[in-house]
file data_17.txt (compact mmCIF, C-alpha atoms)
# COMPACT_ATOMS: atom_id res chain seq x y z
CA MET R 1 0.00 0.00 0.00
CA ILE R 2 2.64 2.56 1.05
CA ASN R 3 6.13 2.72 -0.35
CA ILE R 4 8.41 4.80 1.86
CA THR R 5 11.76 6.12 0.57
CA GLU R 6 14.38 8.42 2.04
CA GLU R 7 15.00 11.78 0.45
CA LYS R 8 17.43 14.61 1.18
CA GLU R 9 15.21 16.42 3.66
CA GLY R 10 13.13 13.60 5.00
CA LEU R 11 10.84 10.83 3.83
CA ARG R 12 8.54 10.34 0.88
CA ALA R 13 5.55 8.03 1.30
CA VAL R 14 3.88 6.99 -1.95
CA PHE R 15 0.22 5.95 -1.68
CA GLU R 16 -1.55 3.93 -4.36
CA GLY R 17 -5.08 2.90 -5.23
CA ARG R 18 -7.82 3.05 -2.64
CA LEU R 19 -7.19 4.17 0.90
CA ASP R 20 -10.51 2.75 2.11
CA THR R 21 -11.11 1.58 5.68
CA PRO R 22 -9.35 -1.83 5.49
CA ALA R 23 -6.43 -0.35 3.51
CA ALA R 24 -6.01 2.48 6.04
CA VAL R 25 -6.03 0.03 8.95
CA LYS R 26 -3.21 -1.90 7.26
CA ALA R 27 -1.37 1.31 6.38
CA GLN R 28 -1.49 2.36 10.04
CA GLN R 29 0.95 -0.50 10.74
CA GLU R 30 3.33 0.78 8.06
CA ILE R 31 3.77 4.40 9.08
CA GLY R 32 6.10 3.80 12.06
CA SER R 33 9.13 5.23 10.23
CA LEU R 34 7.12 8.34 9.24
CA LEU R 35 6.15 9.00 12.85
CA GLU R 36 9.75 8.44 13.99
CA ASN R 37 10.98 10.95 11.42
CA ALA R 38 8.25 13.51 12.08
CA ASP R 39 10.88 16.12 13.01
CA LYS R 40 11.83 16.24 9.31
CA THR R 41 9.89 16.86 6.10
CA ILE R 42 7.40 14.16 5.19
CA ILE R 43 5.95 14.09 1.70
CA LEU R 44 2.70 12.17 1.26
CA ASP R 45 2.72 11.48 -2.47
CA CYS R 46 -0.89 11.00 -3.63
CA THR R 47 -0.22 11.02 -7.38
CA ASN R 48 -1.58 7.48 -7.70
CA LEU R 49 -4.12 7.62 -4.88
CA GLU R 50 -7.66 7.27 -6.24
CA TYR R 51 -9.86 7.33 -3.17
CA ILE R 52 -9.69 8.18 0.52
CA SER R 53 -12.10 7.44 3.37
CA SER R 54 -12.19 8.95 6.86
CA SER R 55 -9.79 6.23 8.06
CA GLY R 56 -7.28 7.46 5.49
CA LEU R 57 -7.85 11.04 6.63
CA ARG R 58 -7.25 9.91 10.20
CA LEU R 59 -3.95 8.38 9.09
CA PHE R 60 -2.84 11.66 7.45
CA LEU R 61 -3.98 13.64 10.48
CA SER R 62 -2.03 11.42 12.90
CA ILE R 63 1.15 12.03 10.84
CA ARG R 64 0.39 15.76 10.81
CA LYS R 65 -0.11 15.84 14.57
CA GLU R 66 3.17 14.01 15.18
CA ALA R 67 4.99 16.45 12.89
CA GLY R 68 3.38 19.36 14.74
CA ALA R 69 4.61 17.98 18.05
CA LYS R 70 8.14 17.26 16.80
CA GLY R 71 8.66 20.35 14.66
CA GLY R 72 8.60 18.71 11.24
CA ASN R 73 6.32 19.46 8.33
CA VAL R 74 4.02 17.46 6.09
CA ILE R 75 3.52 18.11 2.39
CA ILE R 76 0.73 16.42 0.45
CA GLU R 77 1.44 16.11 -3.26
CA ASN R 78 -0.88 15.71 -6.24
CA ILE R 79 -4.36 14.91 -5.01
CA ASN R 80 -7.01 14.10 -7.60
CA GLU R 81 -10.39 15.85 -7.92
CA ASN R 82 -12.24 13.37 -5.66
CA ILE R 83 -9.71 13.66 -2.87
CA ARG R 84 -9.71 17.44 -3.30
CA LYS R 85 -13.47 17.40 -2.65
CA VAL R 86 -13.02 15.27 0.47
CA PHE R 87 -10.31 17.67 1.71
CA MET R 88 -12.68 20.61 1.10
CA MET R 89 -15.46 18.92 3.07
CA THR R 90 -13.19 18.21 6.03
CA GLY R 91 -11.14 21.41 6.19
CA PHE R 92 -7.92 19.56 5.37
CA PHE R 93 -6.69 22.44 3.21
CA ASN R 94 -6.14 24.37 6.44
CA LEU R 95 -4.05 21.61 7.99
CA PHE R 96 -1.61 20.65 5.26
CA ASP R 97 0.77 22.15 2.77
CA ILE R 98 -0.91 20.80 -0.37
CA ARG R 99 0.98 20.99 -3.65
CA ASN R 100 -0.32 19.96 -7.04
CA ALA R 101 2.01 19.78 -10.01
CA MET Y 1 -34.16 -2.85 -5.36
CA TYR Y 2 -30.54 -3.78 -4.85
CA HIS Y 3 -29.51 -5.60 -1.72
CA LEU Y 4 -26.25 -6.61 -0.05
CA THR Y 5 -25.61 -8.25 3.32
CA LEU Y 6 -22.17 -8.05 4.88
CA PRO Y 7 -20.78 -9.41 8.16
CA ASN Y 8 -19.32 -6.92 10.68
CA ASP Y 9 -15.86 -7.31 9.18
CA ILE Y 10 -14.25 -4.26 7.56
CA GLU Y 11 -12.27 -6.52 5.23
CA THR Y 12 -15.53 -6.91 3.26
CA ILE Y 13 -15.66 -3.18 2.40
CA PRO Y 14 -14.36 -3.78 -1.16
CA GLN Y 15 -17.55 -5.82 -1.77
CA LEU Y 16 -19.58 -2.77 -0.71
CA ASN Y 17 -17.65 -0.57 -3.15
CA GLU Y 18 -18.36 -3.05 -5.96
CA PHE Y 19 -22.03 -3.09 -5.02
CA ILE Y 20 -22.29 0.72 -5.09
CA ASP Y 21 -20.38 0.93 -8.39
CA GLY Y 22 -22.75 -1.64 -9.96
CA PHE Y 23 -25.82 0.16 -8.63
CA CYS Y 24 -24.61 3.52 -9.97
CA GLU Y 25 -23.78 2.08 -13.36
CA GLU Y 26 -27.16 0.39 -13.77
CA THR Y 27 -29.17 3.39 -12.59
CA GLY Y 28 -27.27 6.01 -14.62
CA ILE Y 29 -25.56 7.81 -11.72
CA SER Y 30 -22.44 9.67 -12.87
CA MET Y 31 -18.93 8.55 -11.84
CA ASP Y 32 -18.56 11.74 -9.89
CA VAL Y 33 -21.65 11.25 -7.73
CA CYS Y 34 -20.85 7.53 -7.51
CA THR Y 35 -17.48 8.24 -5.88
CA SER Y 36 -19.16 10.46 -3.28
CA LEU Y 37 -21.82 7.80 -2.64
CA ASN Y 38 -19.11 5.16 -2.23
CA LEU Y 39 -17.54 7.30 0.47
CA ALA Y 40 -20.76 8.17 2.35
CA ILE Y 41 -22.07 4.60 2.34
CA GLU Y 42 -18.67 3.19 3.32
CA GLU Y 43 -18.56 5.55 6.30
CA ALA Y 44 -22.08 4.67 7.43
CA VAL Y 45 -21.48 0.92 7.05
CA VAL Y 46 -18.06 0.99 8.75
CA ASN Y 47 -19.72 2.79 11.64
CA VAL Y 48 -22.15 -0.13 12.04
CA MET Y 49 -19.38 -2.72 11.63
CA SER Y 50 -17.27 -1.02 14.27
CA TYR Y 51 -19.83 -0.16 16.93
CA ALA Y 52 -23.19 -1.94 16.53
CA TYR Y 53 -22.16 -5.31 17.94
CA PRO Y 54 -20.10 -6.03 21.05
CA VAL Y 55 -16.42 -6.71 20.26
CA GLY Y 56 -15.90 -10.33 19.29
CA THR Y 57 -19.50 -11.03 18.31
CA VAL Y 58 -20.65 -11.59 14.76
CA GLY Y 59 -23.50 -9.62 13.26
CA ASN Y 60 -24.68 -8.45 9.88
CA VAL Y 61 -25.29 -5.15 8.20
CA ASP Y 62 -27.87 -4.94 5.40
CA ILE Y 63 -27.62 -2.40 2.62
CA GLU Y 64 -30.53 -1.70 0.29
CA ALA Y 65 -30.24 0.68 -2.63
CA GLU Y 66 -33.00 2.02 -4.81
CA ALA Y 67 -33.28 4.84 -7.31
CA ASP Y 68 -36.22 6.63 -8.82
CA LYS Y 69 -35.84 9.29 -11.50
CA ASN Y 70 -33.50 11.55 -9.59
CA VAL Y 71 -33.17 10.37 -6.00
CA ALA Y 72 -31.04 7.47 -4.81
CA THR Y 73 -32.10 5.98 -1.47
CA PHE Y 74 -29.93 3.76 0.70
CA VAL Y 75 -31.23 1.92 3.75
CA ILE Y 76 -28.58 0.58 6.09
CA SER Y 77 -29.83 -1.66 8.89
CA ASP Y 78 -28.45 -3.89 11.64
CA THR Y 79 -29.70 -5.78 14.68
CA GLY Y 80 -27.04 -4.43 17.04
CA GLN Y 81 -27.41 -2.15 20.04
CA PRO Y 82 -29.59 0.91 19.43
CA PHE Y 83 -27.46 3.79 18.22
CA ASP Y 84 -28.52 6.96 16.43
CA PRO Y 85 -25.56 8.35 14.46
CA THR Y 86 -27.57 11.45 13.52
CA LYS Y 87 -27.37 12.52 17.20
CA LYS Y 88 -23.60 12.68 17.08
CA ALA Y 89 -22.23 16.25 17.26
CA ASP Y 90 -20.68 17.41 14.01
CA ALA Y 91 -16.90 17.65 13.72
CA ASP Y 92 -15.43 21.16 13.99
CA ILE Y 93 -13.41 21.34 10.77
CA THR Y 94 -12.05 24.81 11.57
CA LEU Y 95 -9.82 23.61 14.41
CA PRO Y 96 -6.03 23.59 13.93
CA ALA Y 97 -4.29 20.19 13.64
CA GLU Y 98 -3.17 19.98 17.26
CA LYS Y 99 -6.74 20.47 18.51
CA ARG Y 100 -8.43 18.20 15.98
CA PRO Y 101 -9.73 14.93 17.34
CA VAL Y 102 -8.67 12.15 14.95
CA GLY Y 103 -12.18 10.66 14.86
CA GLY Y 104 -15.60 11.99 13.94
CA LEU Y 105 -14.94 12.72 10.28
CA GLY Y 106 -16.93 9.71 9.02
CA ILE Y 107 -20.38 10.93 10.02
CA HIS Y 108 -19.34 14.45 9.01
CA LEU Y 109 -18.67 13.21 5.47
CA VAL Y 110 -22.02 11.38 5.39
CA ARG Y 111 -23.76 14.65 6.34
CA GLN Y 112 -21.81 16.64 3.75
CA ILE Y 113 -22.44 14.24 0.87
CA MET Y 114 -26.03 13.12 1.40
CA ASP Y 115 -29.09 15.36 1.02
CA SER Y 116 -30.96 13.74 3.89
CA ILE Y 117 -30.23 11.34 6.73
CA SER Y 118 -32.85 9.81 8.99
CA TYR Y 119 -32.69 7.22 11.73
CA GLU Y 120 -35.26 4.98 13.35
CA TYR Y 121 -35.19 2.02 15.68
CA ALA Y 122 -37.89 -0.50 14.78
CA ASP Y 123 -38.31 -4.28 15.08
CA HIS Y 124 -35.04 -4.42 17.06
CA LYS Y 125 -33.21 -2.86 14.16
CA ASN Y 126 -31.20 0.29 13.64
CA ILE Y 127 -32.42 1.68 10.35
CA LEU Y 128 -30.52 4.53 8.72
CA THR Y 129 -31.97 6.01 5.53
CA LEU Y 130 -29.74 8.14 3.32
CA LYS Y 131 -30.90 10.03 0.23
CA LYS Y 132 -29.01 11.73 -2.55
CA LYS Y 133 -30.36 13.65 -5.54
CA PHE Y 134 -28.71 13.05 -8.88
CA ASN Y 135 -29.11 13.86 -12.56
CA LYS Y 136 -29.66 10.71 -14.55
CA GLN Y 137 -27.12 10.05 -17.25
CA GLU Y 138 -27.93 8.21 -20.45
CA VAL Y 139 -27.30 4.52 -19.88
CA LEU Y 140 -25.18 3.35 -22.78
call {"tool": "encode", "arguments": {"input": "data_17.txt", "output": "structure tokens"}}
result
Amino acid sequence: MINITEEKEGLRAVFEGRLDTPAAVKAQQEIGSLLENADKTIILDCTNLEYISSSGLRLFLSIRKEAGAKGGNVIIENINENIRKVFMMTGFFNLFDIRNA
Amino acid sequence: MYHLTLPNDIETIPQLNEFIDGFCEETGISMDVCTSLNLAIEEAVVNVMSYAYPVGTVGNVDIEAEADKNVATFVISDTGQPFDPTKKADADITLPAEKRPVGGLGIHLVRQIMDSISYEYADHKNILTLKKKFNKQEVL
């Protein structure tokens, strides 16, 4: 589900497909290294993410909270139109640095 | 009338997504609205799967879908403990990250996406009815 790679300033996590409830529950087990490195820059790459449910939002928010506590920052890259709508409905644009190419 | 019964196991959510996709396709609901419906119904069903039955017990959730000319109606029911999700306070989406509770966004999304939500408890069942208006597309 998530592919995490190291970059110069921090970590890049690449999400793919559907981040529905069961996928987000599994992903929660895979974000340990992101939480540990939350003092750096974390990029959540959503270029190939098609769908997100509230469990996926919860996952993003928990990373954001950890970064807030440790002084890092979280960038969300390339969300599609559906995810943009979900972010609008939940006020996520106020919480994240969202960058679309 | 379209009908699906799932056990209270979130691993079955992909079956729900298939069911909603099939329903939308056959009733001429656009991809765009279909994606929103997928999300709202997933949230409502996951809520039942997570909280209706005591931990460790097996129970079902029934999903019925029906469409007339321009309104899609979904009825989600279970035989778990009485719980009215419409009574839940709405999430405050203006709070900064550090003050945001991580939960509560599911029912918020259901409220945002659907045009009406109603709850009743009858015949020992929780019955949640969700409606969404749509513009019918030509079925190819």
call {"tool": "interface_residues", "arguments": {"input": "data_17.txt", "of": "chain Y", "to": "chain R", "cutoff": "10 Å", "atoms": "all atoms listed in the file", "output": "ChimeraX atom specification"}}
result
/Y:9-14,17,32-33,35-36,38-40,42-43,46,91-109,111-113
call {"tool": "residues_around", "arguments": {"input": "data_17.txt", "residues": "Val75 in chain Y", "least_positions_apart": "3", "cutoff": "6 Å", "atoms": "all atoms listed in the file", "output": "list of chain:residue names"}}
result
Y:Ile63, Y:Glu64, Y:Leu128, Y:Thr129
call {"tool": "atom_distance", "arguments": {"input": "data_17.txt", "atom1": "CA of Gly22 in chain Y", "atom2": "CA of Met1 in chain R"}}
result
24.9 Å
call {"tool": "residues_around", "arguments": {"input": "data_17.txt", "residues": "Ile29 in chain Y", "least_positions_apart": "3", "cutoff": "9 Å", "atoms": "all atoms listed in the file", "output": "CSV table (one decimal) with C-alpha atoms, keeping the file's coordinate frame"}}
result
chain,number,residue,atom,x,y,z
Y,23,PHE,CA,-25.8,0.2,-8.6
Y,24,CYS,CA,-24.6,3.5,-10.0
Y,25,GLU,CA,-23.8,2.1,-13.4
Y,26,GLU,CA,-27.2,0.4,-13.8
Y,32,ASP,CA,-18.6,11.7,-9.9
Y,33,VAL,CA,-21.6,11.2,-7.7
Y,34,CYS,CA,-20.8,7.5,-7.5
Y,72,ALA,CA,-31.0,7.5,-4.8
Y,134,PHE,CA,-28.7,13.0,-8.9
Y,135,ASN,CA,-29.1,13.9,-12.6
Y,136,LYS,CA,-29.7,10.7,-14.6
Y,137,GLN,CA,-27.1,10.0,-17.2
Y,139,VAL,CA,-27.3,4.5,-19.9
call {"tool": "residues_near_point", "arguments": {"input": "data_17.txt", "point": "(-34.4, -6.2, -2.9)", "cutoff": "9 Å", "atoms": "only C-alpha atoms", "output": "tab-separated table (two decimals) with C-alpha atoms, in the frame of the given file"}}
result
chain	number	residue	atom	x	y	z
Y	1	MET	CA	-34.16	-2.85	-5.36
Y	2	TYR	CA	-30.54	-3.78	-4.85
Y	3	HIS	CA	-29.51	-5.60	-1.72
Y	4	LEU	CA	-26.25	-6.61	-0.05
Y	64	GLU	CA	-30.53	-1.70	0.29
Y	65	ALA	CA	-30.24	0.68	-2.63
Y	66	GLU	CA	-33.00	2.02	-4.81
call {"tool": "atom_distance", "arguments": {"input": "data_17.txt", "atom1": "CA of Ala101 in chain R", "atom2": "CA of Ala24 in chain R"}}
result
24.9 Å
call {"tool": "residues_near_point", "arguments": {"input": "data_17.txt", "point": "(16.4, 18.9, 3.5)", "cutoff": "8 Å", "atoms": "only C-alpha atoms", "output": "PDB file with C-alpha atoms, keeping the file's coordinate frame"}}
result
ATOM      1  CA  GLU R   7      15.000  11.780   0.450  1.00  0.00           C
ATOM      2  CA  LYS R   8      17.430  14.610   1.180  1.00  0.00           C
ATOM      3  CA  GLU R   9      15.210  16.420   3.660  1.00  0.00           C
ATOM      4  CA  GLY R  10      13.130  13.600   5.000  1.00  0.00           C
ATOM      5  CA  LYS R  40      11.830  16.240   9.310  1.00  0.00           C
ATOM      6  CA  THR R  41       9.890  16.860   6.100  1.00  0.00           C
TER       7      THR R  41
END
call {"tool": "closest_residue", "arguments": {"input": "data_17.txt", "among": "R:Leu49, R:Ile76, R:Leu19, R:Leu11", "to": "Glu36 in chain R", "atoms": "only C-alpha atoms"}}
result
R:Leu11
